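Let me begin by presenting the structure, written as C-alpha cells, before commenting on it.
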Amino acid sequence: MNKPVFYLIPGLGADERVFQRLQPLLRAASQVLPWLPPESAHEPLPHYAARMAEAIPVGATGWLVCVSFGGVVALEMQRLRPGLRPVLISSLPDAQSLPLLLRLVRASGLYGLVPPQWLKLFPRAGQLYFGVRNGAEYQLFRRILLDMEPRYTRWAINSLLHWNSTGVAPAVQLLGTRDRVFPPGNRPIDHLIQGGGHFMVLSHAPEIAGILNGLDLG
C-alpha cells in the first residue's frame, strides 16, 4: 500500500519558497509540484491540471495541499487522482465562492488590458493586499513578484475568473480572518486562522502544520 504523501502546490506565480517554513514541520513525506508553463494563452484548465497530475502516480494516496490559485488547479487534479484529498490554504472551494471584487473584475474585462508585469512595479501595494509582514516575509514576497512570468500569470488569472467548478470534490479549507483576497464572509470554514492573511502559509506555518498533521484520509 502506498504511504500517504503531502503534495504541495504553490499559489499564482509562486514556487516552493512559500512552503519553506511549513514543509519541514510536516510529519508525512512531502513533494512540491512546480508549475508548468501553459501550452497557450487559451489552454483549458482541465487540460493543464491533467498535465500537472502526471507528476503524481496513479493510485497515490495523501493530500493535495495548495495555496490560493493552486487550490483551483488541485481541485481539477483531484478528478484524476481520487485517492488524494484536497486541502485549501487561502483558496476557494468552488467558483461560486469567488469574492465580489473579483466578480467585478471579471465583469469589467479590464484584467485583460492590464499587463501582469505591472504588479512588479508596486510591491508595497501587493504587500497590503496580500497581508505580507515586513522583514523576511516582504523580501520573499518581493522576490516572488520579480520572478513572476507574465504569460503564466495572465493565463492563471483568466482561468481563475472563468473556472467551471461543477462536480469538484469536497475539500478541507483553511482561511485567514484577515485575508483580503479571499475574505471569509459568512460561509462555513473548516479552519479559520486568527490574524491570518493571504500569505499565512508563511506567517502561520506552525499552526497550519498542526492542522495538516492531524488530518486523515476520511
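Chains: A, B, ... in order of the C-alpha cells. Residues: from 1 per chain. Ligands: from 1, in order shown.
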
**Q.** Test item: residues at most 9 Å from Leu101 (chain A), only C-alpha atoms, excluding those fewer than 4 positions along its chain, as a list in words
**A.** Val105, Arg106 and Val181 of chain A

Q. Which neighbours of Ala50 (chain A) fall inside 8 Å, counting only C-alpha atoms, when residues of the same chain fewer than 6 positions from it are skipped, and could you give them as a list in words?
A.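 Residues meeting the cut-off are Glu76, Met77 and Leu80 of chain A.
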
Once you have the residues from the selection above, write them out as a short mmCIF file (atom, residue, chain, number, x, y, z; two decimals), in the first residue's frame, restricted to C-alpha atoms.
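Just written: result_7.cif:
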```
data_model
loop_
_atom_site.label_atom_id
_atom_site.label_comp_id
_atom_site.auth_asym_id
_atom_site.auth_seq_id
_atom_site.Cartn_x
_atom_site.Cartn_y
_atom_site.Cartn_z
CA GLU A 76 -9.21 19.82 -11.04
CA MET A 77 -6.29 17.41 -10.50
CA LEU A 80 -7.87 12.34 -11.96
#
```

Q: Have a look at A:Tyr7, A:Phe130, A:Phe199, A:Trp163 and name the one nearest to Ala95 (chain A); count only C-alpha atoms.
A: A:Trp163

Within region 9-207 of chain A, find each residue whose DSSP state, derived from the backbone, is strand (DSSP E or B), and express the selection as a short mmCIF file (atom, residue, chain, number, x, y, z; two decimals) with N, CA, C and O atoms, in the first residue's frame.
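Written file, result-v8.cif:
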```cif
data_model
loop_
_atom_site.label_atom_id
_atom_site.label_comp_id
_atom_site.auth_asym_id
_atom_site.auth_seq_id
_atom_site.Cartn_x
_atom_site.Cartn_y
_atom_site.Cartn_z
N ILE A 9 1.20 22.47 -3.68
CA ILE A 9 1.05 23.28 -4.89
C ILE A 9 1.02 24.75 -4.48
O ILE A 9 0.13 25.17 -3.74
N ALA A 29 5.74 12.31 4.31
CA ALA A 29 6.55 12.72 3.17
C ALA A 29 5.83 13.83 2.41
O ALA A 29 4.60 13.89 2.37
N SER A 30 6.60 14.71 1.79
CA SER A 30 6.00 15.81 1.04
C SER A 30 6.77 16.05 -0.25
O SER A 30 7.97 15.75 -0.34
N GLN A 31 6.07 16.60 -1.22
CA GLN A 31 6.67 16.89 -2.52
C GLN A 31 6.01 18.13 -3.10
O GLN A 31 4.78 18.20 -3.19
N VAL A 32 6.82 19.11 -3.48
CA VAL A 32 6.29 20.30 -4.13
C VAL A 32 6.14 20.03 -5.62
O VAL A 32 7.04 19.49 -6.26
N GLY A 62 -3.02 10.44 -0.16
CA GLY A 62 -2.46 11.56 0.59
C GLY A 62 -3.30 12.80 0.42
O GLY A 62 -4.53 12.72 0.31
N TRP A 63 -2.63 13.94 0.34
CA TRP A 63 -3.33 15.22 0.35
C TRP A 63 -2.74 16.14 -0.72
O TRP A 63 -1.53 16.19 -0.93
N LEU A 64 -3.61 16.87 -1.38
CA LEU A 64 -3.20 17.95 -2.28
C LEU A 64 -3.31 19.24 -1.48
O LEU A 64 -4.39 19.79 -1.31
N VAL A 65 -2.18 19.70 -0.95
CA VAL A 65 -2.16 20.90 -0.12
C VAL A 65 -1.78 22.08 -1.01
O VAL A 65 -0.68 22.11 -1.58
N CYS A 66 -2.69 23.03 -1.15
CA CYS A 66 -2.49 24.06 -2.16
C CYS A 66 -2.78 25.43 -1.60
O CYS A 66 -3.55 25.60 -0.66
N VAL A 67 -2.15 26.43 -2.20
CA VAL A 67 -2.28 27.82 -1.77
C VAL A 67 -2.91 28.64 -2.88
O VAL A 67 -2.48 28.55 -4.04
N LEU A 84 -6.42 11.29 -3.49
CA LEU A 84 -5.87 12.45 -2.81
C LEU A 84 -6.98 13.36 -2.31
O LEU A 84 -7.97 13.59 -3.01
N ARG A 85 -6.81 13.88 -1.11
CA ARG A 85 -7.82 14.76 -0.51
C ARG A 85 -7.35 16.21 -0.61
O ARG A 85 -6.26 16.55 -0.14
N PRO A 86 -8.14 17.09 -1.24
CA PRO A 86 -7.72 18.48 -1.37
C PRO A 86 -7.76 19.23 -0.03
O PRO A 86 -8.71 19.10 0.74
N VAL A 87 -6.71 20.00 0.22
CA VAL A 87 -6.64 20.87 1.40
C VAL A 87 -6.30 22.26 0.88
O VAL A 87 -5.24 22.48 0.31
N LEU A 88 -7.22 23.20 1.08
CA LEU A 88 -7.11 24.53 0.50
C LEU A 88 -6.62 25.53 1.55
O LEU A 88 -7.29 25.75 2.56
N ILE A 89 -5.48 26.14 1.31
CA ILE A 89 -4.95 27.19 2.17
C ILE A 89 -5.10 28.52 1.44
O ILE A 89 -4.57 28.69 0.34
N VAL A 172 -10.96 20.31 2.48
CA VAL A 172 -10.70 20.94 3.77
C VAL A 172 -10.20 22.35 3.48
O VAL A 172 -9.25 22.53 2.71
N GLN A 173 -10.81 23.34 4.10
CA GLN A 173 -10.45 24.74 3.80
C GLN A 173 -9.88 25.43 5.02
O GLN A 173 -10.48 25.42 6.10
N LEU A 174 -8.70 26.06 4.83
CA LEU A 174 -8.07 26.88 5.85
C LEU A 174 -8.02 28.30 5.32
O LEU A 174 -7.45 28.55 4.25
N LEU A 175 -8.62 29.24 6.05
CA LEU A 175 -8.69 30.62 5.58
C LEU A 175 -8.36 31.54 6.74
O LEU A 175 -8.70 31.26 7.89
N GLY A 176 -7.68 32.64 6.44
CA GLY A 176 -7.31 33.60 7.47
C GLY A 176 -8.38 34.66 7.69
O GLY A 176 -9.07 35.07 6.75
N HIS A 191 -11.27 25.55 9.05
CA HIS A 191 -10.27 26.06 9.99
C HIS A 191 -10.04 27.54 9.69
O HIS A 191 -9.44 27.88 8.67
N LEU A 192 -10.52 28.39 10.58
CA LEU A 192 -10.35 29.83 10.43
C LEU A 192 -9.14 30.26 11.27
O LEU A 192 -9.15 30.13 12.50
N ILE A 193 -8.12 30.75 10.59
CA ILE A 193 -6.86 31.09 11.26
C ILE A 193 -6.91 32.55 11.69
O ILE A 193 -6.94 33.46 10.85
#
```

Q. Just how far from CA of Val73 (chain A) is CA of Asp94 (chain A), in Å to one decimal?
A.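 Separating CA of Asp94 (chain A) from CA of Val73 (chain A) is a distance of 11.2 Å.
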
Q: Pick out the residues sitting within 10 Å of His47 (chain A), and hand them over as a PyMOL selection string; count only C-alpha atoms, and ignore anything fewer than 4 positions along from it in its own chain.
A: chain A and resi 38-39+43+51-53+76-77

Cut-off 12 Å: closest region 21-97 of chain A/region 151-158 of chain A atom pairs per residue, using only C-alpha atoms, as a tab-separated table:
```
residue	atom	partner	partner_atom	distance
A:Trp35	CA	A:Tyr152	CA	9.1
A:Leu36	CA	A:Tyr152	CA	8.7
A:Pro37	CA	A:Tyr152	CA	6.3
A:Pro38	CA	A:Tyr152	CA	6.3
A:Glu39	CA	A:Tyr152	CA	9.6
A:Ser40	CA	A:Trp155	CA	8.2
A:Ala41	CA	A:Trp155	CA	5.6
A:His42	CA	A:Trp155	CA	7.2
A:Glu43	CA	A:Trp155	CA	8.0
A:Pro44	CA	A:Trp155	CA	9.6
A:Leu45	CA	A:Ala156	CA	8.8
A:Tyr48	CA	A:Ala156	CA	10.4
A:Ala49	CA	A:Ala156	CA	11.7
A:Ser68	CA	A:Ala156	CA	11.1
A:Phe69	CA	A:Ala156	CA	7.6
A:Gly70	CA	A:Ala156	CA	9.7
A:Gly71	CA	A:Ala156	CA	11.8
A:Val72	CA	A:Ala156	CA	9.8
A:Val73	CA	A:Ala156	CA	9.6
```

Selection to disk with N, CA, C and O atoms, as a PDB file, in the first residue's frame:
```pdb
ATOM      1  N   TRP A  35       4.990  24.601 -11.027  1.00  0.00           N
ATOM      2  CA  TRP A  35       4.105  24.992 -12.109  1.00  0.00           C
ATOM      3  C   TRP A  35       4.701  24.652 -13.461  1.00  0.00           C
ATOM      4  O   TRP A  35       5.913  24.729 -13.654  1.00  0.00           O
ATOM      5  N   LEU A  36       3.845  24.287 -14.408  1.00  0.00           N
ATOM      6  CA  LEU A  36       4.241  24.067 -15.787  1.00  0.00           C
ATOM      7  C   LEU A  36       3.860  25.298 -16.605  1.00  0.00           C
ATOM      8  O   LEU A  36       2.833  25.925 -16.336  1.00  0.00           O
ATOM      9  N   PRO A  37       4.640  25.645 -17.618  1.00  0.00           N
ATOM     10  CA  PRO A  37       4.209  26.743 -18.497  1.00  0.00           C
ATOM     11  C   PRO A  37       2.938  26.332 -19.242  1.00  0.00           C
ATOM     12  O   PRO A  37       2.831  25.190 -19.704  1.00  0.00           O
ATOM     13  N   PRO A  38       1.961  27.214 -19.363  1.00  0.00           N
ATOM     14  CA  PRO A  38       0.773  26.872 -20.153  1.00  0.00           C
ATOM     15  C   PRO A  38       1.157  26.663 -21.612  1.00  0.00           C
ATOM     16  O   PRO A  38       2.044  27.340 -22.135  1.00  0.00           O
ATOM     17  N   GLU A  39       0.503  25.728 -22.271  1.00  0.00           N
ATOM     18  CA  GLU A  39       0.816  25.439 -23.673  1.00  0.00           C
ATOM     19  C   GLU A  39       0.404  26.580 -24.584  1.00  0.00           C
ATOM     20  O   GLU A  39       0.980  26.755 -25.664  1.00  0.00           O
ATOM     21  N   SER A  40      -0.598  27.336 -24.164  1.00  0.00           N
ATOM     22  CA  SER A  40      -1.046  28.501 -24.925  1.00  0.00           C
ATOM     23  C   SER A  40      -1.818  29.405 -23.988  1.00  0.00           C
ATOM     24  O   SER A  40      -2.136  29.027 -22.855  1.00  0.00           O
ATOM     25  N   ALA A  41      -2.150  30.594 -24.462  1.00  0.00           N
ATOM     26  CA  ALA A  41      -2.920  31.529 -23.646  1.00  0.00           C
ATOM     27  C   ALA A  41      -4.328  31.028 -23.378  1.00  0.00           C
ATOM     28  O   ALA A  41      -4.997  31.504 -22.460  1.00  0.00           O
ATOM     29  N   HIS A  42      -4.779  30.038 -24.162  1.00  0.00           N
ATOM     30  CA  HIS A  42      -6.143  29.539 -24.037  1.00  0.00           C
ATOM     31  C   HIS A  42      -6.182  28.057 -23.644  1.00  0.00           C
ATOM     32  O   HIS A  42      -7.197  27.401 -23.857  1.00  0.00           O
ATOM     33  N   GLU A  43      -5.103  27.550 -23.062  1.00  0.00           N
ATOM     34  CA  GLU A  43      -5.130  26.147 -22.646  1.00  0.00           C
ATOM     35  C   GLU A  43      -6.229  25.942 -21.616  1.00  0.00           C
ATOM     36  O   GLU A  43      -6.274  26.637 -20.596  1.00  0.00           O
ATOM     37  N   PRO A  44      -7.155  24.998 -21.826  1.00  0.00           N
ATOM     38  CA  PRO A  44      -8.229  24.773 -20.847  1.00  0.00           C
ATOM     39  C   PRO A  44      -7.655  24.324 -19.505  1.00  0.00           C
ATOM     40  O   PRO A  44      -6.690  23.553 -19.449  1.00  0.00           O
ATOM     41  N   LEU A  45      -8.252  24.803 -18.446  1.00  0.00           N
ATOM     42  CA  LEU A  45      -7.787  24.459 -17.102  1.00  0.00           C
ATOM     43  C   LEU A  45      -7.762  22.949 -16.864  1.00  0.00           C
ATOM     44  O   LEU A  45      -6.779  22.432 -16.317  1.00  0.00           O
ATOM     45  N   TYR A  48      -4.664  21.565 -18.457  1.00  0.00           N
ATOM     46  CA  TYR A  48      -3.472  21.941 -17.696  1.00  0.00           C
ATOM     47  C   TYR A  48      -3.347  21.092 -16.431  1.00  0.00           C
ATOM     48  O   TYR A  48      -2.264  20.596 -16.096  1.00  0.00           O
ATOM     49  N   ALA A  49      -4.474  20.911 -15.727  1.00  0.00           N
ATOM     50  CA  ALA A  49      -4.459  20.112 -14.499  1.00  0.00           C
ATOM     51  C   ALA A  49      -4.059  18.669 -14.783  1.00  0.00           C
ATOM     52  O   ALA A  49      -3.366  18.030 -13.976  1.00  0.00           O
ATOM     53  N   SER A  68      -3.919  29.434  -2.543  1.00  0.00           N
ATOM     54  CA  SER A  68      -4.527  30.396  -3.457  1.00  0.00           C
ATOM     55  C   SER A  68      -4.950  29.744  -4.776  1.00  0.00           C
ATOM     56  O   SER A  68      -5.703  28.772  -4.769  1.00  0.00           O
ATOM     57  N   PHE A  69      -4.457  30.234  -5.928  1.00  0.00           N
ATOM     58  CA  PHE A  69      -4.847  29.666  -7.222  1.00  0.00           C
ATOM     59  C   PHE A  69      -4.465  28.195  -7.320  1.00  0.00           C
ATOM     60  O   PHE A  69      -5.077  27.430  -8.070  1.00  0.00           O
ATOM     61  N   GLY A  70      -3.487  27.766  -6.533  1.00  0.00           N
ATOM     62  CA  GLY A  70      -3.133  26.350  -6.512  1.00  0.00           C
ATOM     63  C   GLY A  70      -4.309  25.469  -6.143  1.00  0.00           C
ATOM     64  O   GLY A  70      -4.409  24.317  -6.575  1.00  0.00           O
ATOM     65  N   GLY A  71      -5.246  26.013  -5.355  1.00  0.00           N
ATOM     66  CA  GLY A  71      -6.428  25.249  -4.975  1.00  0.00           C
ATOM     67  C   GLY A  71      -7.330  24.959  -6.149  1.00  0.00           C
ATOM     68  O   GLY A  71      -7.925  23.875  -6.244  1.00  0.00           O
ATOM     69  N   VAL A  72      -7.446  25.906  -7.063  1.00  0.00           N
ATOM     70  CA  VAL A  72      -8.261  25.712  -8.260  1.00  0.00           C
ATOM     71  C   VAL A  72      -7.695  24.571  -9.093  1.00  0.00           C
ATOM     72  O   VAL A  72      -8.417  23.666  -9.532  1.00  0.00           O
ATOM     73  N   VAL A  73      -6.380  24.594  -9.282  1.00  0.00           N
ATOM     74  CA  VAL A  73      -5.733  23.538 -10.067  1.00  0.00           C
ATOM     75  C   VAL A  73      -5.815  22.201  -9.333  1.00  0.00           C
ATOM     76  O   VAL A  73      -6.078  21.160  -9.935  1.00  0.00           O
TER      77      VAL A  73
END
```

(Q) So that I can check the surroundings of Met200 (chain A), please list as a list in words every protein, DNA and RNA residue that reaches within 8 Å of it, counting only C-alpha atoms and ignoring chain neighbours fewer than 4 positions away. (A)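 Listing them by chain and then by number gives Ser90, Gly176, Gly196, His204 and Ala205 of chain A.
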
I need the residues from that last selection saved to file as a CSV table (one decimal), in the first residue's frame (with all heavy atoms), if you can.
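Result written to part30.csv:
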```
chain,number,residue,atom,x,y,z
A,90,SER,N,-5.9,29.4,2.0
A,90,SER,CA,-6.1,30.7,1.4
A,90,SER,C,-6.6,30.6,0.0
A,90,SER,O,-6.1,31.2,-1.0
A,90,SER,CB,-4.8,31.6,1.4
A,90,SER,OG,-4.2,31.6,2.6
A,176,GLY,N,-7.7,32.6,6.4
A,176,GLY,CA,-7.3,33.6,7.5
A,176,GLY,C,-8.4,34.7,7.7
A,176,GLY,O,-9.1,35.1,6.8
A,196,GLY,N,-4.7,35.5,10.2
A,196,GLY,CA,-4.0,35.1,9.0
A,196,GLY,C,-4.4,35.9,7.8
A,196,GLY,O,-5.6,36.2,7.6
A,204,HIS,N,1.9,31.8,9.4
A,204,HIS,CA,1.2,31.0,10.4
A,204,HIS,C,1.6,29.5,10.2
A,204,HIS,O,0.8,28.6,10.4
A,204,HIS,CB,-0.3,31.2,10.4
A,204,HIS,CG,-0.7,32.5,10.9
A,204,HIS,ND1,-0.4,33.7,10.3
A,204,HIS,CD2,-1.4,32.9,12.0
A,204,HIS,CE1,-0.9,34.7,10.9
A,204,HIS,NE2,-1.6,34.2,12.0
A,205,ALA,N,2.8,29.3,9.7
A,205,ALA,CA,3.2,27.9,9.3
A,205,ALA,C,3.0,26.9,10.4
A,205,ALA,O,2.5,25.8,10.2
A,205,ALA,CB,4.6,27.9,8.8
```

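Across the structure, CA of Phe182 (chain A) and CA of Leu33 (chain A) are spaced 22.8 Å apart.
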
**Q.** Expected answer as JSON, numbers by chain: alpha helix (DSSP H) residues in region 19-218 of chain A
**A.** {"A": [45, 46, 47, 48, 49, 50, 51, 52, 53, 69, 70, 71, 72, 73, 74, 75, 76, 77, 78, 100, 101, 102, 103, 104, 105, 106, 107, 108, 123, 124, 125, 126, 127, 128, 129, 130, 136, 137, 138, 139, 140, 141, 142, 143, 144, 145, 146, 147, 150, 151, 152, 153, 154, 155, 156, 157, 158, 159, 160, 161, 200, 201, 202, 203, 205, 206, 207, 208, 209, 210, 211, 212, 213]}
